[in-house]
$ cat my_file22.txt   # compact mmCIF, C-alpha atoms
# COMPACT_ATOMS: atom_id res chain seq x y z
CA MET A 1 1.02 8.13 24.87
CA GLY A 2 1.53 8.26 21.10
CA LYS A 3 -1.18 8.88 18.55
CA VAL A 4 -3.69 6.02 18.28
CA VAL A 5 -3.19 4.01 15.11
CA ALA A 6 -6.38 3.83 13.05
CA SER A 7 -5.47 0.83 10.87
CA ARG A 8 -6.51 -2.47 12.38
CA LYS A 9 -7.22 -6.13 11.71
CA LEU A 10 -10.96 -6.65 11.23
CA TYR A 11 -11.41 -10.19 10.04
CA GLN A 12 -9.76 -13.53 9.24
CA ILE A 13 -10.13 -15.75 6.16
CA ARG A 14 -8.76 -19.28 5.81
CA ILE A 15 -6.88 -18.76 2.54
CA SER A 16 -6.21 -22.49 2.03
CA LYS A 17 -9.96 -23.00 1.53
CA TYR A 18 -9.65 -21.01 -1.71
CA LEU A 19 -6.02 -20.91 -2.85
CA GLN A 20 -3.11 -23.36 -2.86
CA SER A 21 0.54 -22.59 -3.51
CA GLU A 22 0.18 -23.24 -7.24
CA ASP A 23 -2.72 -20.77 -7.39
CA LEU A 24 -0.59 -18.12 -5.70
CA ASN A 25 2.25 -18.75 -8.15
CA ASP A 26 -0.17 -18.41 -11.07
CA ILE A 27 -1.35 -15.07 -9.71
CA ARG A 28 2.22 -13.82 -9.33
CA ALA A 29 2.86 -14.73 -12.98
CA LEU A 30 0.08 -12.48 -14.28
CA ASN A 31 0.93 -9.29 -16.17
CA PHE A 32 0.41 -6.57 -13.60
CA ASP A 33 -0.61 -2.99 -14.41
CA GLN A 34 1.76 -0.02 -14.32
CA ALA A 35 -0.64 2.30 -12.52
CA TYR A 36 0.53 4.43 -9.58
CA GLN A 37 4.21 3.70 -10.17
CA GLU A 38 5.08 7.18 -8.93
CA TYR A 39 4.27 5.86 -5.44
CA GLY A 40 6.23 2.63 -5.74
CA TYR A 41 9.84 1.58 -5.86
CA GLY A 42 11.16 -1.70 -7.23
CA ILE A 43 8.58 -4.47 -7.55
CA TRP A 44 5.45 -2.84 -6.18
CA GLU A 45 2.61 -3.33 -8.63
CA THR A 46 -1.14 -3.79 -8.82
CA LEU A 47 -3.58 -5.53 -11.16
CA SER A 48 -7.18 -4.38 -11.51
CA ILE A 49 -9.69 -7.26 -11.53
CA TRP A 50 -12.92 -5.46 -10.54
CA ASN A 51 -13.50 -1.84 -11.55
CA LYS A 52 -16.11 0.70 -12.63
CA ASP A 53 -16.67 -0.52 -16.18
CA GLY A 54 -15.32 -4.08 -16.02
CA ARG A 55 -12.49 -3.30 -18.45
CA ASN A 56 -8.99 -4.73 -18.39
CA GLY A 57 -6.31 -2.11 -17.81
CA ASP A 58 -8.65 0.35 -16.09
CA ALA A 59 -6.41 0.47 -13.05
CA ILE A 60 -6.98 4.00 -11.70
CA SER A 61 -9.33 4.37 -8.74
CA LYS A 62 -12.55 6.28 -9.45
CA GLU A 63 -15.40 7.66 -7.39
CA TYR A 64 -18.75 6.73 -8.92
CA GLU A 65 -22.28 5.57 -8.21
CA GLY A 66 -22.94 1.84 -8.38
CA SER A 67 -20.89 -1.30 -7.86
CA ALA A 68 -17.68 -2.65 -9.40
CA GLN A 69 -17.81 -5.01 -12.36
CA ILE A 70 -15.46 -7.98 -12.86
CA ASN A 71 -13.16 -7.55 -15.87
CA ASP A 72 -11.92 -10.34 -18.16
CA THR A 73 -8.78 -10.94 -16.09
CA GLY A 74 -10.88 -11.16 -12.95
CA LYS A 75 -13.33 -13.60 -14.51
CA ASP A 76 -10.53 -16.16 -14.82
CA LEU A 77 -9.77 -15.92 -11.08
CA HIS A 78 -12.66 -18.12 -9.98
CA ASN A 79 -11.39 -18.87 -6.47
CA ILE A 80 -10.60 -15.23 -5.77
CA ASN A 81 -14.11 -14.26 -6.81
CA ARG A 82 -15.58 -17.04 -4.69
CA MET A 83 -13.65 -15.76 -1.67
CA ILE A 84 -14.86 -12.22 -2.23
CA ASN A 85 -18.47 -13.31 -2.67
CA ASP A 86 -18.34 -15.56 0.40
CA HIS A 87 -17.13 -12.87 2.77
CA PHE A 88 -17.94 -9.38 1.47
CA GLU A 89 -21.03 -7.41 0.50
CA CYS A 90 -20.20 -6.92 -3.15
CA ARG A 91 -22.77 -4.18 -3.76
CA HIS A 92 -20.56 -1.79 -1.77
CA ILE A 93 -17.34 -2.63 -3.67
CA LYS A 94 -15.86 0.07 -5.93
CA SER A 95 -12.74 -1.81 -7.04
CA VAL A 96 -10.62 -4.88 -6.40
CA ARG A 97 -6.91 -5.00 -7.20
CA LEU A 98 -4.21 -7.56 -6.66
CA LEU A 99 -1.05 -6.17 -5.06
CA ARG A 100 2.38 -7.77 -5.42
CA SER A 101 5.46 -6.46 -3.62
CA CYS A 102 8.80 -8.28 -3.30
CA LYS A 103 12.61 -8.14 -3.73
CA GLY A 104 12.97 -4.82 -1.94
CA GLY A 105 9.82 -3.35 -3.45
CA MET A 106 8.07 -0.68 -1.42
CA ILE A 107 5.52 2.06 -1.52
CA LEU A 108 6.96 5.35 -0.30
CA PRO A 109 5.33 7.23 2.60
CA HIS A 110 2.19 8.96 1.36
CA PHE A 111 -1.41 9.92 2.01
CA ASP A 112 -4.23 8.30 0.02
CA TYR A 113 -7.31 10.00 -1.48
CA LEU A 114 -5.78 13.47 -1.83
CA GLU A 115 -7.22 13.73 -5.34
CA PHE A 116 -10.71 12.55 -4.32
CA GLN A 117 -13.72 14.23 -2.78
CA ASN A 118 -14.55 11.34 -0.45
CA GLY A 119 -12.07 8.53 -1.04
CA PHE A 120 -12.80 4.93 -0.04
CA THR A 121 -12.77 2.45 2.80
CA ARG A 122 -9.82 0.25 1.82
CA LEU A 123 -9.38 -3.30 3.06
CA HIS A 124 -6.31 -5.46 2.46
CA VAL A 125 -6.85 -9.23 2.29
CA VAL A 126 -3.46 -10.91 2.77
CA LEU A 127 -3.13 -13.92 0.46
CA ASP A 128 0.55 -14.70 1.09
CA ILE A 129 3.26 -12.98 3.12
CA ASP A 130 6.46 -13.54 5.11
CA ASP A 131 8.19 -11.78 7.97
CA THR A 132 10.27 -9.51 5.71
CA CYS A 133 7.08 -7.62 4.82
CA LEU A 134 6.42 -4.58 6.97
CA ASN A 135 3.78 -1.85 7.06
CA SER A 136 3.78 1.49 8.78
CA GLU A 137 1.22 4.05 9.86
CA GLY A 138 2.48 7.26 11.34
CA ASP A 139 5.46 6.26 13.48
CA VAL A 140 4.31 2.67 14.09
CA VAL A 141 5.72 -0.31 12.18
CA TYR A 142 3.73 -3.55 12.16
CA GLN A 143 3.30 -6.87 10.38
CA MET A 144 0.37 -8.70 8.81
CA GLU A 145 -0.24 -12.43 8.46
CA ALA A 146 -1.78 -14.56 5.71
CA GLY A 147 -5.57 -14.57 5.97
CA ASP A 148 -5.70 -11.22 7.75
CA VAL A 149 -8.19 -8.64 6.57
CA TRP A 150 -6.95 -5.18 7.54
CA PHE A 151 -8.52 -1.77 7.32
CA LEU A 152 -5.80 0.66 6.24
CA ASP A 153 -6.47 4.28 7.07
CA GLY A 154 -5.03 5.93 3.98
CA ARG A 155 -5.58 9.39 5.41
CA GLU A 156 -2.63 8.78 7.73
CA LEU A 157 0.98 8.79 6.48
CA HIS A 158 1.76 5.17 5.63
CA SER A 159 4.24 2.98 3.82
CA ALA A 160 5.13 -0.68 3.22
CA THR A 161 8.17 -2.74 2.20
CA SER A 162 8.84 -6.36 1.17
CA ILE A 163 12.39 -7.73 1.07
CA SER A 164 12.18 -11.42 0.17
CA PRO A 165 11.80 -12.97 -3.33
CA SER A 166 8.22 -14.03 -2.60
CA GLY A 167 7.22 -10.97 -0.56
CA LYS A 168 3.57 -10.06 -0.17
CA LEU A 169 0.52 -10.85 -2.29
CA CYS A 170 -2.82 -9.40 -1.29
CA LEU A 171 -6.15 -8.07 -2.45
CA MET A 172 -6.94 -4.37 -2.07
CA ILE A 173 -10.69 -3.90 -1.95
CA ASP A 174 -12.08 -0.38 -2.06
CA PHE A 175 -15.59 0.11 -0.67
CA SER A 176 -17.94 3.03 -0.51
CA PRO A 177 -16.67 5.28 2.30
CA HIS A 178 -20.20 5.83 3.60
CA GLU A 179 -20.78 2.30 4.93
CA PRO A 180 -19.72 1.17 8.44
CA PHE A 181 -17.39 -1.82 8.66
CA GLU A 182 -20.20 -4.15 9.69
CA ARG A 183 -22.04 -3.59 6.40
CA LEU A 184 -19.00 -4.52 4.28
CA PHE A 185 -19.00 -8.16 5.40
CA LYS A 186 -21.43 -11.07 5.18
CA SER A 187 -22.86 -12.68 8.33
CA THR A 188 -19.65 -13.61 10.19
CA PRO A 189 -18.99 -11.08 12.98
CA LEU A 190 -15.92 -8.87 12.89
CA LEU A 191 -12.92 -9.50 15.12
CA ASP A 192 -12.88 -7.34 18.21
CA HIS A 193 -9.30 -6.25 17.64
CA PRO A 194 -7.97 -3.01 19.13
CA PRO A 195 -5.66 -0.73 17.16
CA ILE A 196 -2.14 -2.09 16.76
CA SER A 197 -1.04 -3.01 20.27
CA THR A 198 2.30 -4.74 19.58
CA PRO A 199 4.26 -2.64 17.07
CA LEU A 200 7.71 -3.80 16.05
CA VAL A 201 10.54 -2.44 18.14
CA ARG A 202 13.37 -0.85 16.16
CA ASN A 203 16.58 -0.77 18.17
CA LYS A 204 19.18 0.28 15.60
CA PRO A 205 20.14 3.94 15.96
CA MET A 206 19.94 6.36 13.05
CA GLU A 207 23.41 7.86 13.11
CA ASP A 208 24.06 11.33 11.72
CA ALA A 209 26.65 9.72 9.46
CA LEU A 210 23.88 7.90 7.57
CA VAL A 211 22.10 11.16 6.78
CA SER A 212 25.43 12.69 5.73
CA ALA A 213 26.04 9.72 3.46
CA LEU A 214 22.66 10.24 1.77
CA LEU A 215 23.45 13.93 1.31
CA THR A 216 26.77 13.06 -0.31
CA LEU A 217 25.10 10.45 -2.48
CA ASN A 218 22.60 13.07 -3.68
CA GLN A 219 25.39 15.52 -4.40
CA TYR A 220 27.04 13.14 -6.88
CA SER A 221 24.00 11.28 -8.22
CA PRO A 222 22.14 11.88 -11.50
CA SER A 223 18.46 12.70 -11.36
CA HIS A 224 17.26 9.14 -12.01
CA ARG A 225 18.74 8.14 -8.64
CA VAL A 226 16.46 10.38 -6.57
CA LYS A 227 14.02 7.56 -5.83
CA ASP A 228 16.91 5.23 -4.91
CA ILE A 229 17.95 7.67 -2.18
CA MET A 230 14.37 8.03 -0.97
CA ALA A 231 14.02 4.24 -0.83
CA ILE A 232 17.21 3.86 1.21
CA LEU A 233 15.91 6.27 3.85
CA ASN A 234 12.49 4.62 3.84
CA GLN A 235 14.08 1.25 4.60
CA PHE A 236 15.99 2.92 7.46
CA CYS A 237 12.62 4.09 8.83
CA PHE A 238 11.47 0.46 8.97
CA GLU A 239 14.67 -0.82 10.58
CA ARG A 240 16.06 1.99 12.75
CA LYS A 241 14.95 4.40 15.43
CA VAL A 242 13.82 7.04 12.97
CA PRO A 243 10.05 7.51 12.59
CA HIS A 244 8.31 7.90 9.28
CA SER A 245 7.17 11.33 10.43
CA ALA A 246 10.83 12.35 10.01
CA PHE A 247 11.06 10.95 6.46
CA TYR A 248 10.28 14.11 4.53
CA PRO A 249 11.98 16.55 6.94
CA LEU A 250 15.19 14.50 6.60
CA LEU A 251 14.85 14.34 2.82
CA ASP A 252 14.35 18.12 2.72
CA GLN A 253 17.87 18.32 4.16
CA VAL A 254 19.29 15.65 1.84
CA PHE A 255 17.81 17.27 -1.29
CA ASP A 256 18.70 20.84 -0.39
CA VAL A 257 18.60 22.96 -3.55
CA ARG A 258 22.16 24.13 -2.92
CA VAL A 259 23.49 20.56 -3.06
CA ASN A 260 21.97 19.43 -6.36
CA PRO A 261 19.36 21.74 -7.96
CA ASN A 262 18.14 19.17 -10.51
CA ASN A 263 17.60 16.49 -7.89
CA HIS A 264 15.91 19.01 -5.60
CA GLU A 265 13.32 19.77 -8.29
CA ILE A 266 12.57 16.10 -8.95
CA TYR A 267 12.33 15.33 -5.24
CA GLN A 268 9.90 18.21 -4.68
CA HIS A 269 7.71 16.90 -7.50
CA ILE A 270 7.59 13.40 -6.01
CA LYS A 271 6.98 14.75 -2.51
CA SER A 272 4.08 16.87 -3.76
CA ILE A 273 2.33 13.83 -5.25
CA MET A 274 2.86 11.83 -2.05
CA ILE A 275 1.62 14.29 0.53
CA VAL A 276 -0.03 17.28 -1.21
CA SER A 277 -1.82 16.60 -4.49
CA GLY A 278 -2.13 12.83 -4.97
CA HIS A 279 -2.24 11.09 -8.34
CA HIS A 280 -3.54 12.96 -11.38
CA GLU A 281 -3.78 11.42 -14.84
CA SER A 282 -1.90 13.34 -17.50
$ encode --input "my_file22.txt" --output "structure tokens"
Amino acid sequence: MGKVVASRKLYQIRISKYLQSEDLNDIRALNFDQAYQEYGYGIWETLSIWNKDGRNGDAISKEYEGSAQINDTGKDLHNINRMINDHFECRHIKSVRLLRSCKGGMILPHFDYLEFQNGFTRLHVVLDIDDTCLNSEGDVVYQMEAGDVWFLDGRELHSATSISPSGKLCLMIDFSPHEPFERLFKSTPLLDHPPISTPLVRNKPMEDALVSALLTLNQYSPSHRVKDIMAILNQFCFERKVPHSAFYPLLDQVFDVRVNPNNHEIYQHIKSIMIVSGHHES
């Protein structure tokens, strides 16, 4: 038996009650923040709409006493706010962000909350998605559906990718970590879903030649291509029989200091943020 996956579907919302296709297109057209880009690759971006002080552009997660305030951008999203108020106990919310990922955008494998004392309970509300969008936790790859509300256990190694032009659009809602799931929602009972029971099966082998090709690519690539190489391997982890637990051990081989010292240094810096130190504002 493999390790039990902590992330799970908790709840279901009928998105069409609140948002139509034109609303989703309007959201995608908003000017998203540039926060946490060290974690992302391609089009992976967030937009803060509720935060500590209710200010636009305050996109970095913060631990604090009290509840999140809606900023000016969020105040224009009436149907989003109605959805949140209908289903969630807002007094426990610390932040709400929109997340957009598409056209090969991904978030590289990482741990959340490394820079925090307590962290958060993070729920993803899926507003729009297609079958090119994949998530992972540990060595398990899985899919979400529109209307799903998922708890994502950020303390486990996790990643996500979206291939299509439309990709994934969702809300990320951070709650106080001290409240049980039942106290985060209004009266509707939670779904009695077990941890992920039907992970995607990846049948393509991960040939040694692919790792050798990445090593050669690193050898002849300038430093700004380090993330490109990391993204290629991450996509392999979603598609082939290579678990995400092998992601950094394989990259340690690819970015061996003897192959390309400059790229080795940059890779080690990125890796440290992802799995050791977390995000720190400069």
$ residues_around --input "my_file22.txt" --residues "stretch 196-213 of chain A" --least-positions-apart "4" --cutoff "12 Å" --atoms "only C-alpha atoms" --output "CSV table (one decimal) with C-alpha atoms, in the coordinates of the input"
chain,number,residue,atom,x,y,z
A,2,GLY,CA,1.5,8.3,21.1
A,3,LYS,CA,-1.2,8.9,18.6
A,4,VAL,CA,-3.7,6.0,18.3
A,5,VAL,CA,-3.2,4.0,15.1
A,6,ALA,CA,-6.4,3.8,13.0
A,7,SER,CA,-5.5,0.8,10.9
A,8,ARG,CA,-6.5,-2.5,12.4
A,9,LYS,CA,-7.2,-6.1,11.7
A,10,LEU,CA,-11.0,-6.6,11.2
A,131,ASP,CA,8.2,-11.8,8.0
A,133,CYS,CA,7.1,-7.6,4.8
A,134,LEU,CA,6.4,-4.6,7.0
A,135,ASN,CA,3.8,-1.8,7.1
A,136,SER,CA,3.8,1.5,8.8
A,137,GLU,CA,1.2,4.0,9.9
A,138,GLY,CA,2.5,7.3,11.3
A,139,ASP,CA,5.5,6.3,13.5
A,140,VAL,CA,4.3,2.7,14.1
A,141,VAL,CA,5.7,-0.3,12.2
A,142,TYR,CA,3.7,-3.6,12.2
A,143,GLN,CA,3.3,-6.9,10.4
A,144,MET,CA,0.4,-8.7,8.8
A,150,TRP,CA,-7.0,-5.2,7.5
A,151,PHE,CA,-8.5,-1.8,7.3
A,152,LEU,CA,-5.8,0.7,6.2
A,217,LEU,CA,25.1,10.4,-2.5
A,218,ASN,CA,22.6,13.1,-3.7
A,219,GLN,CA,25.4,15.5,-4.4
A,220,TYR,CA,27.0,13.1,-6.9
A,221,SER,CA,24.0,11.3,-8.2
A,229,ILE,CA,18.0,7.7,-2.2
A,230,MET,CA,14.4,8.0,-1.0
A,232,ILE,CA,17.2,3.9,1.2
A,233,LEU,CA,15.9,6.3,3.8
A,234,ASN,CA,12.5,4.6,3.8
A,235,GLN,CA,14.1,1.2,4.6
A,236,PHE,CA,16.0,2.9,7.5
A,237,CYS,CA,12.6,4.1,8.8
A,238,PHE,CA,11.5,0.5,9.0
A,239,GLU,CA,14.7,-0.8,10.6
A,240,ARG,CA,16.1,2.0,12.8
A,241,LYS,CA,15.0,4.4,15.4
A,242,VAL,CA,13.8,7.0,13.0
A,243,PRO,CA,10.0,7.5,12.6
A,246,ALA,CA,10.8,12.4,10.0
A,247,PHE,CA,11.1,11.0,6.5
A,249,PRO,CA,12.0,16.6,6.9
A,250,LEU,CA,15.2,14.5,6.6
A,251,LEU,CA,14.8,14.3,2.8
A,252,ASP,CA,14.4,18.1,2.7
A,253,GLN,CA,17.9,18.3,4.2
A,254,VAL,CA,19.3,15.6,1.8
A,255,PHE,CA,17.8,17.3,-1.3
A,259,VAL,CA,23.5,20.6,-3.1
$ closest_residue --input "my_file22.txt" --among "A:Ile129, A:Leu19, A:Leu108, A:Val226" --to "A:Ser162" --atoms "all atoms listed in the file"
A:Ile129
$ residues_around --input "my_file22.txt" --residues "A:Val149" --least-positions-apart "4" --cutoff "7 Å" --atoms "all atoms listed in the file" --output "list in words"
Lys9, Leu10, Tyr11, Gln12, Leu123, His124, Val125 and Val126 of chain A
$ residues_around --input "my_file22.txt" --residues "stretch 89-101 of chain A" --least-positions-apart "4" --cutoff "7 Å" --atoms "only C-alpha atoms" --output "list in words"
Ile43, Trp44, Glu45, Thr46, Leu47, Ser48, Ile49, Trp50, Asn51, Lys52, Ser67, Ala68, Asn85, Gly105, Met106, Ser162, Gly167, Lys168, Leu169, Cys170, Leu171, Met172, Ile173, Asp174, Phe175, Ser176, Leu184, Phe185 and Lys186 of chain A
$ axis_aligned_box --input "my_file22.txt" --around "stretch 18-26 of chain A" --padding-each-side "5 Å" --output "lines of an AutoDock Vina configuration file"
center_x = -3.7
center_y = -20.7
center_z = -6.4
size_x = 21.9
size_y = 15.2
size_z = 19.4
$ closest_residue --input "my_file22.txt" --among "A:Ile275, A:Ile270, A:Ala160, A:Ile15" --to "A:Arg82" --atoms "all atoms listed in the file"
A:Ile15
$ residues_near_point --input "my_file22.txt" --point "(-17.7, 9.3, -9.8)" --cutoff "10 Å" --atoms "all atoms listed in the file" --output "PDB file with C-alpha atoms, keeping the file's coordinate frame"
ATOM      1  CA  LYS A  52     -16.110   0.700 -12.630  1.00  0.00           C
ATOM      2  CA  SER A  61      -9.330   4.370  -8.740  1.00  0.00           C
ATOM      3  CA  LYS A  62     -12.550   6.280  -9.450  1.00  0.00           C
ATOM      4  CA  GLU A  63     -15.400   7.660  -7.390  1.00  0.00           C
ATOM      5  CA  TYR A  64     -18.750   6.730  -8.920  1.00  0.00           C
ATOM      6  CA  GLU A  65     -22.280   5.570  -8.210  1.00  0.00           C
ATOM      7  CA  GLY A  66     -22.940   1.840  -8.380  1.00  0.00           C
ATOM      8  CA  PHE A 116     -10.710  12.550  -4.320  1.00  0.00           C
ATOM      9  CA  GLN A 117     -13.720  14.230  -2.780  1.00  0.00           C
TER      10      GLN A 117
END
$ atom_distance --input "my_file22.txt" --atom1 "atom CA of A:Phe88" --atom2 "atom CA of A:Arg183"
8.6 Å
$ atom_distance --input "my_file22.txt" --atom1 "atom CA of A:His178" --atom2 "atom CA of A:Leu190"
17.9 Å
$ atom_distance --input "my_file22.txt" --atom1 "atom CA of A:Glu179" --atom2 "atom CA of A:Asn118"
12.2 Å
$ closest_residue --input "my_file22.txt" --among "A:Ser164, A:Asp148, A:Ile84, A:Gly104" --to "A:Leu191" --atoms "only C-alpha atoms"
A:Asp148
$ decode --input "my_file22.txt" --residues "stretch 39-52 of chain A" --atoms "N, CA and C atoms" --output "mmCIF file, in the first residue's frame"
data_model
loop_
_atom_site.group_PDB
_atom_site.id
_atom_site.type_symbol
_atom_site.label_atom_id
_atom_site.label_comp_id
_atom_site.auth_asym_id
_atom_site.auth_seq_id
_atom_site.Cartn_x
_atom_site.Cartn_y
_atom_site.Cartn_z
ATOM 1 N N TYR A 39 7.594 29.973 -8.151
ATOM 2 C CA TYR A 39 7.017 28.630 -8.113
ATOM 3 C C TYR A 39 6.446 28.204 -9.464
ATOM 4 N N GLY A 40 6.070 29.169 -10.279
ATOM 5 C CA GLY A 40 5.333 28.874 -11.494
ATOM 6 C C GLY A 40 6.209 28.819 -12.727
ATOM 7 N N TYR A 41 5.607 28.295 -13.784
ATOM 8 C CA TYR A 41 6.251 28.250 -15.093
ATOM 9 C C TYR A 41 5.175 28.508 -16.134
ATOM 10 N N GLY A 42 5.478 29.370 -17.110
ATOM 11 C CA GLY A 42 4.470 29.691 -18.119
ATOM 12 C C GLY A 42 3.333 30.480 -17.494
ATOM 13 N N ILE A 43 2.116 30.271 -17.993
ATOM 14 C CA ILE A 43 0.968 31.003 -17.465
ATOM 15 C C ILE A 43 0.440 30.277 -16.228
ATOM 16 N N TRP A 44 0.946 30.667 -15.108
ATOM 17 C CA TRP A 44 0.473 30.236 -13.789
ATOM 18 C C TRP A 44 0.486 31.491 -12.936
ATOM 19 N N GLU A 45 -0.693 32.043 -12.657
ATOM 20 C CA GLU A 45 -0.726 33.339 -11.998
ATOM 21 C C GLU A 45 -1.953 33.452 -11.108
ATOM 22 N N THR A 46 -1.832 34.314 -10.107
ATOM 23 C CA THR A 46 -2.898 34.499 -9.134
ATOM 24 C C THR A 46 -3.297 35.975 -9.070
ATOM 25 N N LEU A 47 -4.475 36.212 -8.511
ATOM 26 C CA LEU A 47 -4.977 37.574 -8.319
ATOM 27 C C LEU A 47 -5.657 37.644 -6.956
ATOM 28 N N SER A 48 -5.117 38.471 -6.079
ATOM 29 C CA SER A 48 -5.687 38.630 -4.743
ATOM 30 C C SER A 48 -6.968 39.446 -4.815
ATOM 31 N N ILE A 49 -8.054 38.911 -4.207
ATOM 32 C CA ILE A 49 -9.324 39.651 -4.172
ATOM 33 C C ILE A 49 -9.837 39.843 -2.736
ATOM 34 N N TRP A 50 -9.398 39.029 -1.801
ATOM 35 C CA TRP A 50 -9.625 39.249 -0.369
ATOM 36 C C TRP A 50 -8.253 39.092 0.305
ATOM 37 N N ASN A 51 -7.903 40.009 1.192
ATOM 38 C CA ASN A 51 -6.633 39.870 1.886
ATOM 39 C C ASN A 51 -6.680 40.601 3.230
ATOM 40 N N LYS A 52 -5.564 40.678 3.894
ATOM 41 C CA LYS A 52 -5.511 41.190 5.267
ATOM 42 C C LYS A 52 -6.048 42.619 5.381
#
